[in-house]
>>> print(open('structure.txt').read())   # compact mmCIF, C-alpha atoms and all ligand atoms
# COMPACT_ATOMS: atom_id res chain seq x y z
CA MET A 1 -18.36 21.09 -28.84
CA LEU A 2 -20.21 19.58 -25.89
CA LYS A 3 -18.08 18.82 -22.87
CA ILE A 4 -18.84 17.34 -19.49
CA THR A 5 -16.43 18.76 -16.95
CA LYS A 6 -16.05 16.94 -13.64
CA PHE A 7 -14.01 18.16 -10.69
CA GLY A 8 -12.90 15.78 -7.94
CA GLY A 9 -12.91 16.44 -4.19
CA SER A 10 -9.40 17.87 -4.03
CA SER A 11 -10.39 20.44 -6.69
CA CYS A 12 -13.21 21.64 -4.41
CA ALA A 13 -11.48 21.38 -1.04
CA SER A 14 -11.12 25.11 -0.30
CA ALA A 15 -11.87 28.63 -1.55
CA GLU A 16 -8.49 28.61 -3.27
CA GLN A 17 -9.40 25.45 -5.19
CA PHE A 18 -12.82 26.89 -6.09
CA ARG A 19 -11.01 29.82 -7.72
CA LYS A 20 -8.91 27.44 -9.83
CA VAL A 21 -12.09 25.67 -10.94
CA LYS A 22 -13.63 28.98 -11.96
CA ALA A 23 -10.57 29.94 -13.99
CA ILE A 24 -10.73 26.59 -15.81
CA ILE A 25 -14.46 26.93 -16.55
CA GLU A 26 -14.06 30.51 -17.76
CA ALA A 27 -11.14 29.60 -20.01
CA ASP A 28 -13.42 27.56 -22.30
CA PRO A 29 -17.05 28.43 -23.11
CA SER A 30 -17.82 24.80 -23.99
CA ARG A 31 -17.43 23.84 -20.31
CA ARG A 32 -21.11 24.25 -19.53
CA PHE A 33 -22.07 21.04 -17.76
CA VAL A 34 -20.18 20.64 -14.54
CA VAL A 35 -20.17 17.70 -12.11
CA ILE A 36 -18.82 18.25 -8.62
CA SER A 37 -17.54 15.91 -5.87
CA ALA A 38 -17.75 16.63 -2.17
CA ALA A 39 -14.97 18.86 -0.81
CA GLY A 40 -11.93 16.68 -0.18
CA ARG A 41 -8.87 17.15 2.02
CA LYS A 42 -7.31 20.61 2.14
CA ASN A 43 -4.06 19.04 3.34
CA PRO A 44 -2.93 15.51 4.19
CA LYS A 45 -4.03 15.88 7.84
CA ASP A 46 -7.49 17.08 6.91
CA ASN A 47 -10.53 14.86 6.24
CA LYS A 48 -12.80 14.42 3.24
CA ILE A 49 -16.35 15.64 3.83
CA THR A 50 -17.68 12.25 2.67
CA ASP A 51 -15.59 10.46 5.29
CA LEU A 52 -16.84 12.85 7.98
CA LEU A 53 -20.43 12.18 6.96
CA TYR A 54 -19.87 8.44 7.22
CA LEU A 55 -18.32 9.13 10.60
CA CYS A 56 -21.45 11.01 11.73
CA ARG A 57 -23.43 7.94 10.81
CA ALA A 58 -21.11 5.67 12.79
CA HIS A 59 -21.57 7.95 15.83
CA VAL A 60 -25.34 7.64 15.54
CA ASP A 61 -25.06 3.86 15.25
CA TYR A 62 -22.91 3.66 18.40
CA HIS A 63 -25.05 6.19 20.31
CA VAL A 64 -22.27 8.78 20.51
CA ASP A 65 -22.99 12.48 19.93
CA TYR A 66 -22.46 13.16 16.23
CA ARG A 67 -22.86 16.93 16.50
CA PRO A 68 -19.19 17.84 16.98
CA ILE A 69 -18.40 16.02 13.72
CA PHE A 70 -21.25 17.72 11.92
CA GLU A 71 -19.95 21.06 13.21
CA ILE A 72 -16.64 20.39 11.43
CA ILE A 73 -18.54 19.72 8.19
CA ARG A 74 -20.64 22.85 8.63
CA GLY A 75 -17.49 24.86 9.36
CA ARG A 76 -15.79 23.64 6.15
CA PHE A 77 -18.73 24.74 3.98
CA LEU A 78 -19.17 28.09 5.70
CA GLU A 79 -15.45 28.81 5.45
CA ILE A 80 -15.61 28.38 1.66
CA LYS A 81 -18.80 30.43 1.47
CA HIS A 82 -17.39 33.34 3.49
CA GLU A 83 -13.96 33.36 1.88
CA LEU A 84 -15.58 33.61 -1.54
CA GLY A 85 -18.21 36.14 -0.40
CA LEU A 86 -21.07 33.92 -1.61
CA ASN A 87 -24.75 34.51 -0.88
CA THR A 88 -26.18 30.98 -1.11
CA PRO A 89 -28.24 30.63 2.08
CA ILE A 90 -26.95 27.18 3.08
CA GLU A 91 -26.94 27.78 6.86
CA ASP A 92 -30.61 26.89 7.36
CA GLU A 93 -30.30 23.80 5.20
CA LEU A 94 -27.17 22.73 7.09
CA ASP A 95 -28.98 23.21 10.42
CA ALA A 96 -31.98 21.26 9.21
CA CYS A 97 -29.65 18.49 8.03
CA ALA A 98 -27.84 18.45 11.39
CA GLU A 99 -31.18 17.91 13.15
CA LYS A 100 -32.20 15.10 10.81
CA VAL A 101 -28.92 13.15 10.79
CA PRO A 102 -30.24 10.22 12.90
CA ASP A 103 -33.30 9.85 10.68
CA LEU A 104 -31.65 10.11 7.29
CA SER A 105 -30.67 7.00 5.36
CA VAL A 106 -26.88 6.53 5.13
CA ASP A 107 -27.07 7.27 1.42
CA GLU A 108 -28.97 10.50 1.83
CA LEU A 109 -26.68 11.65 4.61
CA VAL A 110 -23.41 11.07 2.73
CA SER A 111 -24.83 12.54 -0.48
CA ARG A 112 -25.00 15.90 1.33
CA GLY A 113 -21.27 16.33 0.77
CA GLU A 114 -21.73 16.60 -2.99
CA TYR A 115 -25.01 18.51 -2.56
CA PHE A 116 -23.63 21.39 -0.49
CA THR A 117 -20.32 21.58 -2.36
CA SER A 118 -22.23 21.85 -5.65
CA LYS A 119 -24.59 24.51 -4.31
CA LEU A 120 -21.61 26.67 -3.40
CA MET A 121 -19.86 25.97 -6.70
CA ALA A 122 -22.99 26.81 -8.73
CA ASP A 123 -23.26 30.14 -6.90
CA PHE A 124 -19.56 30.89 -7.41
CA LEU A 125 -19.64 30.06 -11.14
CA GLY A 126 -22.97 31.82 -11.65
CA PHE A 127 -24.45 28.58 -13.05
CA PRO A 128 -27.87 27.08 -12.19
CA PHE A 129 -27.76 24.24 -9.64
CA VAL A 130 -29.45 21.03 -10.80
CA ASP A 131 -29.88 18.30 -8.20
CA ALA A 132 -28.69 14.82 -9.16
CA VAL A 133 -31.94 13.30 -7.85
CA ASP A 134 -33.76 15.12 -10.64
CA VAL A 135 -31.38 13.74 -13.27
CA VAL A 136 -29.64 10.47 -12.46
CA ALA A 137 -32.14 7.58 -12.43
CA MET A 138 -30.81 4.52 -10.61
CA GLU A 139 -32.24 1.07 -10.04
CA PHE A 140 -32.34 -0.51 -6.59
CA ASP A 141 -29.28 -2.61 -7.43
CA GLY A 142 -27.21 0.51 -8.23
CA THR A 143 -27.34 0.19 -12.02
CA PHE A 144 -28.43 3.16 -14.12
CA ASN A 145 -31.60 3.73 -16.05
CA ILE A 146 -30.08 5.47 -19.05
CA ASP A 147 -33.40 6.14 -20.85
CA LYS A 148 -34.95 7.76 -17.82
CA THR A 149 -31.79 9.79 -17.13
CA THR A 150 -31.76 10.99 -20.76
CA GLU A 151 -35.41 11.97 -20.48
CA ASN A 152 -34.71 13.85 -17.21
CA LEU A 153 -31.82 15.66 -18.83
CA LYS A 154 -33.98 16.75 -21.76
CA LYS A 155 -36.37 18.43 -19.32
CA VAL A 156 -33.49 20.12 -17.49
CA LEU A 157 -32.04 21.40 -20.77
CA GLU A 158 -35.34 22.99 -21.77
CA LYS A 159 -34.72 25.49 -18.99
CA ASN A 160 -30.93 25.58 -18.64
CA ASP A 161 -28.10 25.76 -21.13
CA ARG A 162 -25.54 25.15 -18.40
CA PHE A 163 -25.56 23.73 -14.89
CA VAL A 164 -23.66 22.39 -11.92
CA MET A 165 -24.76 18.96 -10.72
CA PRO A 166 -23.54 16.99 -7.70
CA GLY A 167 -21.87 13.68 -8.52
CA PHE A 168 -21.97 10.39 -6.58
CA TYR A 169 -25.74 9.98 -6.19
CA GLY A 170 -29.04 9.62 -7.95
CA ARG A 171 -32.58 8.56 -7.21
CA THR A 172 -34.17 5.08 -7.18
CA PRO A 173 -37.72 4.47 -8.49
CA ASP A 174 -39.18 4.89 -4.97
CA GLY A 175 -37.73 8.41 -4.78
CA ALA A 176 -34.93 7.57 -2.33
CA VAL A 177 -31.40 8.93 -2.66
CA LYS A 178 -28.87 6.26 -3.63
CA VAL A 179 -25.11 6.74 -3.66
CA MET A 180 -22.66 5.00 -5.97
CA THR A 181 -19.48 3.28 -4.81
CA ARG A 182 -16.71 5.52 -3.42
CA GLY A 183 -15.25 7.86 -6.01
CA GLY A 184 -18.55 7.56 -7.89
CA SER A 185 -18.68 11.16 -9.14
CA ASP A 186 -16.47 9.93 -11.98
CA ILE A 187 -19.35 7.68 -12.97
CA SER A 188 -21.89 10.54 -12.73
CA GLY A 189 -19.78 12.53 -15.22
CA SER A 190 -19.60 9.55 -17.49
CA ILE A 191 -23.38 9.00 -17.34
CA LEU A 192 -23.99 12.63 -18.31
CA ALA A 193 -21.46 12.36 -21.13
CA ARG A 194 -23.29 9.33 -22.47
CA CYS A 195 -26.82 10.69 -22.14
CA LEU A 196 -25.88 14.02 -23.73
CA ARG A 197 -23.63 12.30 -26.33
CA ALA A 198 -20.84 14.66 -25.32
CA ASP A 199 -17.78 15.14 -27.53
CA LEU A 200 -15.45 14.99 -24.55
CA TYR A 201 -15.53 14.11 -20.85
CA GLU A 202 -12.98 16.16 -18.92
CA ASN A 203 -12.09 14.74 -15.54
CA TRP A 204 -10.15 17.24 -13.42
CA THR A 205 -8.24 15.85 -10.48
CA ASP A 206 -5.04 16.50 -8.52
CA VAL A 207 -2.58 14.59 -10.71
CA SER A 208 -1.64 15.24 -14.33
CA GLY A 209 -3.23 12.06 -15.64
CA PHE A 210 -1.89 8.52 -15.47
CA LEU A 211 1.73 7.72 -14.88
CA MET A 212 3.50 4.69 -16.29
CA ALA A 213 4.10 3.36 -12.77
CA ASP A 214 3.30 4.21 -9.16
CA PRO A 215 5.48 7.23 -8.19
CA ARG A 216 5.75 5.84 -4.64
CA ILE A 217 7.74 2.95 -6.11
CA VAL A 218 9.40 4.36 -9.24
CA LYS A 219 11.05 7.78 -9.16
CA ASP A 220 9.54 10.30 -11.61
CA PRO A 221 7.72 7.85 -13.87
CA LYS A 222 6.74 9.11 -17.32
CA ASN A 223 3.26 10.43 -17.99
CA ILE A 224 0.91 8.38 -20.18
CA GLU A 225 -0.37 10.78 -22.82
CA ARG A 226 -2.76 8.41 -24.57
CA ILE A 227 -4.33 5.18 -23.39
CA THR A 228 -7.18 2.98 -24.62
CA TYR A 229 -10.24 2.18 -22.48
CA ALA A 230 -9.16 -1.46 -22.43
CA GLU A 231 -5.66 -0.63 -21.18
CA LEU A 232 -7.05 1.74 -18.60
CA ARG A 233 -9.42 -0.91 -17.34
CA GLU A 234 -6.52 -3.33 -16.84
CA LEU A 235 -4.38 -0.73 -15.08
CA SER A 236 -7.23 0.53 -12.86
CA TYR A 237 -8.17 -3.00 -11.89
CA MET A 238 -4.57 -3.62 -10.93
CA GLY A 239 -4.35 -0.61 -8.70
CA ALA A 240 -3.76 2.56 -10.74
CA SER A 241 -6.42 4.69 -9.07
CA VAL A 242 -6.90 7.99 -10.88
CA LEU A 243 -10.33 7.31 -12.35
CA HIS A 244 -13.12 5.07 -11.02
CA GLU A 245 -12.84 1.84 -12.99
CA ASP A 246 -16.58 1.82 -13.76
CA ALA A 247 -16.44 5.28 -15.35
CA ILE A 248 -15.52 3.70 -18.67
CA PHE A 249 -18.60 1.53 -19.19
CA PRO A 250 -21.26 4.19 -19.87
CA ILE A 251 -19.25 5.93 -22.59
CA ARG A 252 -17.33 3.11 -24.17
CA GLU A 253 -20.02 2.26 -26.66
CA TYR A 254 -20.17 5.87 -27.88
CA ASN A 255 -16.44 6.29 -28.11
CA ILE A 256 -16.42 9.47 -26.01
CA PRO A 257 -12.85 10.35 -25.00
CA ILE A 258 -12.01 11.07 -21.37
CA HIS A 259 -9.36 13.69 -20.73
CA VAL A 260 -7.81 13.40 -17.26
CA LEU A 261 -6.38 16.77 -16.22
CA ASN A 262 -4.84 18.46 -13.18
CA THR A 263 -6.73 21.37 -11.58
CA ASN A 264 -3.47 22.52 -9.97
CA ARG A 265 -1.50 22.37 -13.22
CA PRO A 266 -4.02 23.00 -16.00
CA GLN A 267 -1.23 23.57 -18.52
CA ASP A 268 -0.08 19.91 -18.28
CA PRO A 269 -1.15 17.67 -21.17
CA GLY A 270 -2.83 15.08 -18.91
CA THR A 271 -3.94 11.71 -20.24
CA LEU A 272 -6.40 11.18 -23.06
CA VAL A 273 -8.41 7.96 -22.80
CA LEU A 274 -9.72 6.73 -26.15
CA ASP A 275 -11.47 3.69 -27.53
CA LYS A 276 -8.81 3.02 -30.18
CA ILE A 277 -5.41 4.44 -30.85
CA ASP A 278 -3.79 3.90 -34.22
CA ASP A 279 -0.16 3.83 -33.30
CA GLU A 280 2.73 4.33 -35.60
CA VAL A 281 4.80 1.15 -36.03
CA ASP A 282 7.25 2.33 -33.41
CA GLY A 283 4.55 3.22 -30.82
CA PRO A 284 5.41 2.44 -27.20
CA LEU A 285 5.66 -1.28 -26.39
CA ILE A 286 3.99 -0.83 -23.05
CA THR A 287 1.60 1.80 -21.75
CA GLY A 288 1.93 1.24 -18.03
CA ILE A 289 2.72 -1.04 -15.10
CA ALA A 290 0.45 -1.54 -12.11
CA GLY A 291 0.14 -4.07 -9.37
CA LYS A 292 -1.46 -5.06 -6.10
CA LYS A 293 -0.45 -7.02 -3.05
CA GLY A 294 -2.77 -9.19 -1.01
CA PHE A 295 -3.31 -12.35 -3.05
CA LEU A 296 -2.78 -16.00 -2.32
CA SER A 297 -2.60 -19.06 -4.48
CA ILE A 298 -4.13 -22.47 -3.77
CA GLU A 299 -1.83 -25.02 -5.44
CA VAL A 300 -3.59 -28.26 -6.26
CA VAL A 301 -1.68 -31.34 -7.49
CA LYS A 302 -3.48 -34.43 -8.80
CA ARG A 303 -1.55 -37.00 -10.74
CA ASN A 304 -2.94 -37.85 -14.16
CA MET A 305 -5.62 -35.15 -13.91
CA SER A 306 -5.10 -34.30 -17.58
CA ASN A 307 -6.86 -37.61 -18.36
CA MET A 308 -9.75 -37.00 -15.97
CA VAL A 309 -12.87 -34.90 -16.27
CA GLY A 310 -14.25 -32.51 -13.65
CA ILE A 311 -11.17 -31.91 -11.49
CA VAL A 312 -10.70 -28.19 -12.11
CA SER A 313 -14.44 -27.58 -12.34
CA GLY A 314 -14.95 -29.47 -9.04
CA ALA A 315 -12.58 -27.09 -7.27
CA LEU A 316 -14.21 -24.10 -8.91
CA ASP A 317 -17.66 -25.30 -7.81
CA VAL A 318 -16.45 -25.15 -4.23
CA LEU A 319 -15.32 -21.55 -4.72
CA ARG A 320 -18.63 -20.68 -6.30
CA LYS A 321 -20.40 -22.12 -3.26
CA TYR A 322 -18.41 -19.72 -1.05
CA GLU A 323 -19.00 -16.88 -3.55
CA VAL A 324 -15.29 -16.31 -4.03
CA SER A 325 -14.19 -14.63 -7.23
CA ILE A 326 -11.14 -16.12 -8.97
CA GLU A 327 -8.39 -13.83 -10.21
CA HIS A 328 -6.30 -16.29 -12.23
CA LEU A 329 -6.14 -19.97 -12.94
CA PRO A 330 -2.75 -20.97 -14.31
CA SER A 331 -2.44 -24.71 -14.87
CA GLY A 332 0.09 -27.46 -15.60
CA ILE A 333 -0.42 -31.08 -16.66
CA ASP A 334 -0.97 -32.53 -13.21
CA SER A 335 -1.60 -29.36 -11.25
CA PHE A 336 -3.33 -26.03 -11.22
CA ASN A 337 -3.25 -22.89 -9.13
CA ILE A 338 -6.22 -20.83 -8.06
CA VAL A 339 -5.19 -17.25 -7.41
CA LEU A 340 -7.54 -15.32 -5.12
CA ALA A 341 -7.73 -12.05 -3.25
CA LYS A 342 -6.77 -12.89 0.31
CA LYS A 343 -9.50 -10.70 1.77
CA ASP A 344 -12.17 -12.82 0.03
CA VAL A 345 -11.20 -15.99 1.91
CA GLU A 346 -9.92 -14.56 5.17
CA HIS A 347 -12.64 -16.16 7.27
CA ASN A 348 -13.19 -19.47 5.56
CA LEU A 349 -9.97 -20.51 3.81
CA TYR A 350 -9.65 -23.76 5.79
CA GLU A 351 -13.25 -24.74 5.17
CA ILE A 352 -12.72 -24.12 1.46
CA LEU A 353 -9.56 -26.27 1.41
CA ALA A 354 -11.36 -29.08 3.24
CA ASP A 355 -14.24 -28.92 0.78
CA ILE A 356 -11.91 -29.04 -2.23
CA LYS A 357 -10.12 -32.04 -0.70
CA GLU A 358 -13.35 -33.87 -0.19
CA ARG A 359 -14.63 -33.01 -3.65
CA ILE A 360 -11.63 -33.89 -5.87
CA ALA A 361 -9.27 -35.88 -3.61
CA PRO A 362 -6.05 -34.15 -4.71
CA ASP A 363 -2.60 -35.65 -4.04
CA SER A 364 -1.66 -32.42 -2.39
CA ILE A 365 -3.16 -29.04 -1.74
CA ARG A 366 -1.33 -26.08 -0.24
CA VAL A 367 -1.56 -22.37 0.01
CA THR A 368 1.26 -20.04 -0.93
CA GLU A 369 1.00 -16.60 0.47
CA PRO A 370 1.38 -13.73 0.35
CA LEU A 371 1.49 -12.99 -3.35
CA ALA A 372 1.54 -9.74 -5.32
CA LEU A 373 0.34 -9.46 -8.90
CA ILE A 374 1.94 -7.09 -11.38
CA ALA A 375 0.52 -6.30 -14.81
CA ILE A 376 2.44 -4.83 -17.69
CA VAL A 377 -0.14 -3.40 -20.03
CA GLY A 378 0.34 -2.30 -23.62
CA ARG A 379 -1.85 -2.31 -26.73
CA ASN A 380 1.22 -2.78 -28.91
CA MET A 381 2.42 -5.96 -27.21
CA ASN A 382 0.27 -8.26 -29.33
CA ALA A 383 1.85 -7.06 -32.55
CA ARG A 384 5.43 -7.60 -31.46
CA ALA A 385 7.45 -10.60 -30.37
CA GLY A 386 9.68 -10.62 -27.35
CA SER A 387 7.64 -8.94 -24.60
CA SER A 388 7.63 -11.99 -22.34
CA GLY A 389 11.32 -12.62 -22.98
CA LYS A 390 12.10 -9.10 -21.93
CA LEU A 391 9.95 -9.50 -18.84
CA PHE A 392 11.66 -12.75 -17.75
CA THR A 393 15.09 -11.23 -18.33
CA ALA A 394 14.28 -8.09 -16.34
CA LEU A 395 12.92 -10.03 -13.37
CA GLY A 396 15.67 -12.67 -13.57
CA ASN A 397 18.39 -10.03 -13.53
CA ALA A 398 16.74 -8.39 -10.51
CA GLY A 399 16.73 -11.76 -8.69
CA VAL A 400 12.93 -11.92 -8.55
CA ASN A 401 11.36 -15.36 -8.58
CA ILE A 402 8.22 -15.51 -10.74
CA ARG A 403 5.55 -17.57 -8.98
CA MET A 404 2.90 -17.31 -11.67
CA ILE A 405 2.46 -15.89 -15.14
CA SER A 406 -0.68 -15.29 -17.13
CA GLN A 407 -1.50 -13.53 -20.38
CA GLY A 408 -5.03 -12.42 -21.28
CA SER A 409 -6.38 -13.53 -24.65
CA SER A 410 -6.48 -9.96 -25.91
CA GLU A 411 -2.69 -9.92 -25.39
CA ILE A 412 -2.73 -6.41 -24.03
CA ASP A 413 -1.34 -7.48 -20.69
CA ILE A 414 1.00 -9.95 -19.07
CA ILE A 415 0.47 -10.58 -15.37
CA VAL A 416 3.10 -12.03 -13.09
CA GLY A 417 2.77 -13.18 -9.50
CA VAL A 418 5.73 -12.54 -7.21
CA ALA A 419 6.26 -12.74 -3.46
CA ASN A 420 4.88 -9.67 -1.68
CA ALA A 421 8.39 -8.91 -0.47
CA ASP A 422 9.64 -8.69 -4.08
CA PHE A 423 6.86 -6.36 -5.24
CA ASP A 424 8.68 -3.00 -5.31
CA LYS A 425 11.87 -4.49 -6.70
CA ALA A 426 9.95 -6.21 -9.49
CA VAL A 427 8.00 -3.08 -10.46
CA ARG A 428 11.22 -1.05 -10.63
CA ALA A 429 12.99 -3.70 -12.71
CA LEU A 430 10.09 -3.87 -15.18
CA TYR A 431 9.89 -0.09 -15.46
CA GLN A 432 13.63 0.18 -16.10
CA SER A 433 13.45 -2.47 -18.75
CA PHE A 434 10.23 -1.44 -20.57
CA ALA A 435 9.85 2.28 -20.08
CA ARG A 436 13.34 3.67 -20.22
N1 LIG B 501 -17.36 11.98 -2.39
C1 LIG B 501 -17.40 10.63 -2.80
C2 LIG B 501 -16.19 9.90 -2.23
O1 LIG B 501 -15.41 10.47 -1.50
C3 LIG B 501 -17.51 10.47 -4.27
C4 LIG B 501 -16.43 11.14 -5.08
O2 LIG B 501 -15.63 11.91 -4.57
O3 LIG B 501 -16.37 10.87 -6.27
O4 LIG B 501 -16.03 8.74 -2.49
>>> encode(input="structure.txt", output="structure tokens")
Amino acid sequence: MLKITKFGGSSCASAEQFRKVKAIIEADPSRRFVVISAAGRKNPKDNKITDLLYLCRAHVDYHVDYRPIFEIIRGRFLEIKHELGLNTPIEDELDACAEKVPDLSVDELVSRGEYFTSKLMADFLGFPFVDAVDVVAMEFDGTFNIDKTTENLKKVLEKNDRFVMPGFYGRTPDGAVKVMTRGGSDISGSILARCLRADLYENWTDVSGFLMADPRIVKDPKNIERITYAELRELSYMGASVLHEDAIFPIREYNIPIHVLNTNRPQDPGTLVLDKIDDEVDGPLITGIAGKKGFLSIEVVKRNMSNMVGIVSGALDVLRKYEVSIEHLPSGIDSFNIVLAKKDVEHNLYEILADIKERIAPDSIRVTEPLALIAIVGRNMNARAGSSGKLFTALGNAGVNIRMISQGSSEIDIIVGVANADFDKAVRALYQSFAR
């Protein structure tokens, strides 16, 4: 059994967390390839090392002394080292890094969070440390060179049958360090799982997998024990943030399951993410509910547009010109709505509206805001009738006005748009109706 085992920042935030990681690794001899994030928050008032490193950079950019911030970072690492009685000589490297902060690229600087955390973890586990720059080959645009990474891994495995590797960064063809998007260590684990054709990718975090709804909105939502990649993608996109949404792509093709587990409660079943799940006939109708606020809808009315050509595409051309991505496009006979993320048009909404007016001469054009989108996601919805009926009834009974509805062609999700103010109420009503 070949497993990739990744631990997130909260699992590496303190000596106490390091001990939990060690117990997990020692409980299963197949946990030999370990990916580590930068130490996260020890408590809600604390800071993540990665954030502090970005903050150092901001100090340099604004000509403010960054050293006090770097001292905090240094202190966090040395505290872990001393509490665990480790020998790794990181002091000199930390001092050298502190000197070089103004000259390092942003990417190299922030990658030091994962680098030092992994050095300490490797020492504590008694595993060799393998640097991500010697393994993860990235292109300048942030995509991965899988062949080169596989080749690098082969070389590493000639000398090591186990290792600890920092997540979140790799090396571009010119030798420079490049970081992934935030939370990217999930992707590093996934890349290793793919290149080594692992049997399982374990992703250890601080929650026991995915919940059917956001626990800040719904009290004690049920745990999702099994979910497909496709469902997870929909839920992550709509705001369920346990795993980086791009962590699925590298392993999807090889059908490698991801097991999301809780470092603080290793006995919990967690969530198993699989390519396909063959459900019994009475499998759950929905897998989860997720949603996001912060959308707006441009409502365009043009009489008789169903007999004209180029009206919708004219409006979309304008959005392409402004490089705005479209979330949804529900349409009627003489009207259509363009649903967008508000942040994407914050600075040029009125220019966009004026351009659309000029281009397609609508009878009316107006913006409704603010809008929240809620997705109910379930692989079993396409096989059964009545999901939308149930959804309308639940929202109707809760007094929530549906402003938009859309169903993807794969029929694994139904998305509704409601007023921002109705968001929590709508999520609760849907959970009560579908999950209870
Ligand atoms: N340390 C990085 C971040 O905070 C990457 C990670 O934790 O996965 O985003």
>>> residues_near_ligand(input="structure.txt", ligand="ligand LIG 501 (chain B)", cutoff="6 Å", atoms="all atoms listed in the file", output="VMD selection string")
chain A and resid 8 to 9 37 to 38 50 168 182 to 186
>>> atom_distance(input="structure.txt", atom1="CA of Arg359 in chain A", atom2="CA of Ala341 in chain A")
22.1 Å
>>> residues_around(input="structure.txt", residues="Thr205 in chain A", least_positions_apart="2", cutoff="7 Å", atoms="only C-alpha atoms", output="PyMOL selection string")
chain A and resi 7-8+10-11+203+207+261-263
>>> closest_residue(input="structure.txt", among="A:Phe124, A:Phe295, A:Tyr254, A:Tyr229", to="Val21 in chain A", atoms="only C-alpha atoms")
A:Phe124
>>> residues_around(input="structure.txt", residues="Ile405 in chain A", least_positions_apart="4", cutoff="9 Å", atoms="only C-alpha atoms", output="number ranges by chain")
A: 330, 414-417
>>> closest_residue(input="structure.txt", among="A:Arg162, A:Lys6, A:Lys22, A:Arg76", to="Gly189 in chain A", atoms="only C-alpha atoms")
A:Lys6
>>> residues_around(input="structure.txt", residues="Ile365 in chain A", least_positions_apart="4", cutoff="9 Å", atoms="only C-alpha atoms", output="list in words")
Ile298, Glu299, Val300, Val301, Lys302, Leu353, Ile356 and Lys357 of chain A
>>> write_last_selection(input="structure.txt", atoms="C-alpha atoms", output="PDB file, keeping the file's coordinate frame")
ATOM      1  CA  ILE A 298      -4.130 -22.470  -3.770  1.00  0.00           C
ATOM      2  CA  GLU A 299      -1.830 -25.020  -5.440  1.00  0.00           C
ATOM      3  CA  VAL A 300      -3.590 -28.260  -6.260  1.00  0.00           C
ATOM      4  CA  VAL A 301      -1.680 -31.340  -7.490  1.00  0.00           C
ATOM      5  CA  LYS A 302      -3.480 -34.430  -8.800  1.00  0.00           C
ATOM      6  CA  LEU A 353      -9.560 -26.270   1.410  1.00  0.00           C
ATOM      7  CA  ILE A 356     -11.910 -29.040  -2.230  1.00  0.00           C
ATOM      8  CA  LYS A 357     -10.120 -32.040  -0.700  1.00  0.00           C
TER       9      LYS A 357
END
>>> residues_around(input="structure.txt", residues="Val133 in chain A", least_positions_apart="6", cutoff="8 Å", atoms="only C-alpha atoms", output="list in words")
Tyr169, Gly170, Arg171 and Val177 of chain A
>>> closest_residue(input="structure.txt", among="A:Asp141, A:Glu234, A:Asp103, A:Glu225", to="Asp268 in chain A", atoms="only C-alpha atoms")
A:Glu225
>>> atom_distance(input="structure.txt", atom1="CA of Lys276 in chain A", atom2="CA of Asn255 in chain A")
8.6 Å
>>> atom_distance(input="structure.txt", atom1="CA of Glu108 in chain A", atom2="CA of Asn87 in chain A")
24.5 Å
>>> closest_residue(input="structure.txt", among="A:Ala398, A:Cys56, A:Leu94, A:Val339", to="Arg74 in chain A", atoms="only C-alpha atoms")
A:Leu94
>>> closest_residue(input="structure.txt", among="A:Cys12, A:Val345, A:Ile24, A:Ala394", to="Gln267 in chain A", atoms="all atoms listed in the file")
A:Ile24
>>> closest_residue(input="structure.txt", among="A:Phe163, A:Phe434, A:Tyr66, A:Tyr350", to="Ala122 in chain A", atoms="only C-alpha atoms")
A:Phe163
>>> residues_near_point(input="structure.txt", point="(-2.4, -7.8, -24.6)", cutoff="10 Å", atoms="only C-alpha atoms", output="ChimeraX atom specification")
/A:230-231,234,286,376-383,407-414
>>> residues_around(input="structure.txt", residues="range 309-318 of chain A", least_positions_apart="3", cutoff="10 Å", atoms="only C-alpha atoms", output="ChimeraX atom specification")
/A:300,302,305-306,321-326,329,331,335-338,351-362
>>> residues_near_point(input="structure.txt", point="(-16.6, 16.4, -16.4)", cutoff="9 Å", atoms="all atoms listed in the file", output="list in words")
Lys3, Ile4, Thr5, Lys6, Phe7, Arg31, Phe33, Val34, Val35, Ile36, Asp186, Ser188, Gly189, Ser190, Leu192, Ala193, Leu200, Tyr201, Glu202, Asn203, Trp204, Ile258 and His259 of chain A
>>> decode(input="structure.txt", residues="range 396-400 of chain A", atoms="N, CA, C and O atoms", output="compact mmCIF listing (two decimals), in the first residue's frame")
# COMPACT_ATOMS: atom_id res chain seq x y z
N GLY A 396 -40.03 28.00 -0.23
CA GLY A 396 -41.33 28.68 -0.16
C GLY A 396 -41.84 28.72 1.27
O GLY A 396 -42.24 29.76 1.77
N ASN A 397 -41.78 27.56 1.94
CA ASN A 397 -42.26 27.51 3.32
C ASN A 397 -41.45 28.42 4.24
O ASN A 397 -41.95 28.92 5.24
N ALA A 398 -40.17 28.62 3.91
CA ALA A 398 -39.32 29.48 4.76
C ALA A 398 -39.49 30.95 4.38
O ALA A 398 -38.84 31.82 4.97
N GLY A 399 -40.32 31.23 3.37
CA GLY A 399 -40.55 32.62 2.95
C GLY A 399 -39.36 33.21 2.19
O GLY A 399 -39.14 34.42 2.20
N VAL A 400 -38.59 32.34 1.52
CA VAL A 400 -37.43 32.84 0.77
C VAL A 400 -37.80 32.97 -0.71
O VAL A 400 -38.28 32.01 -1.32
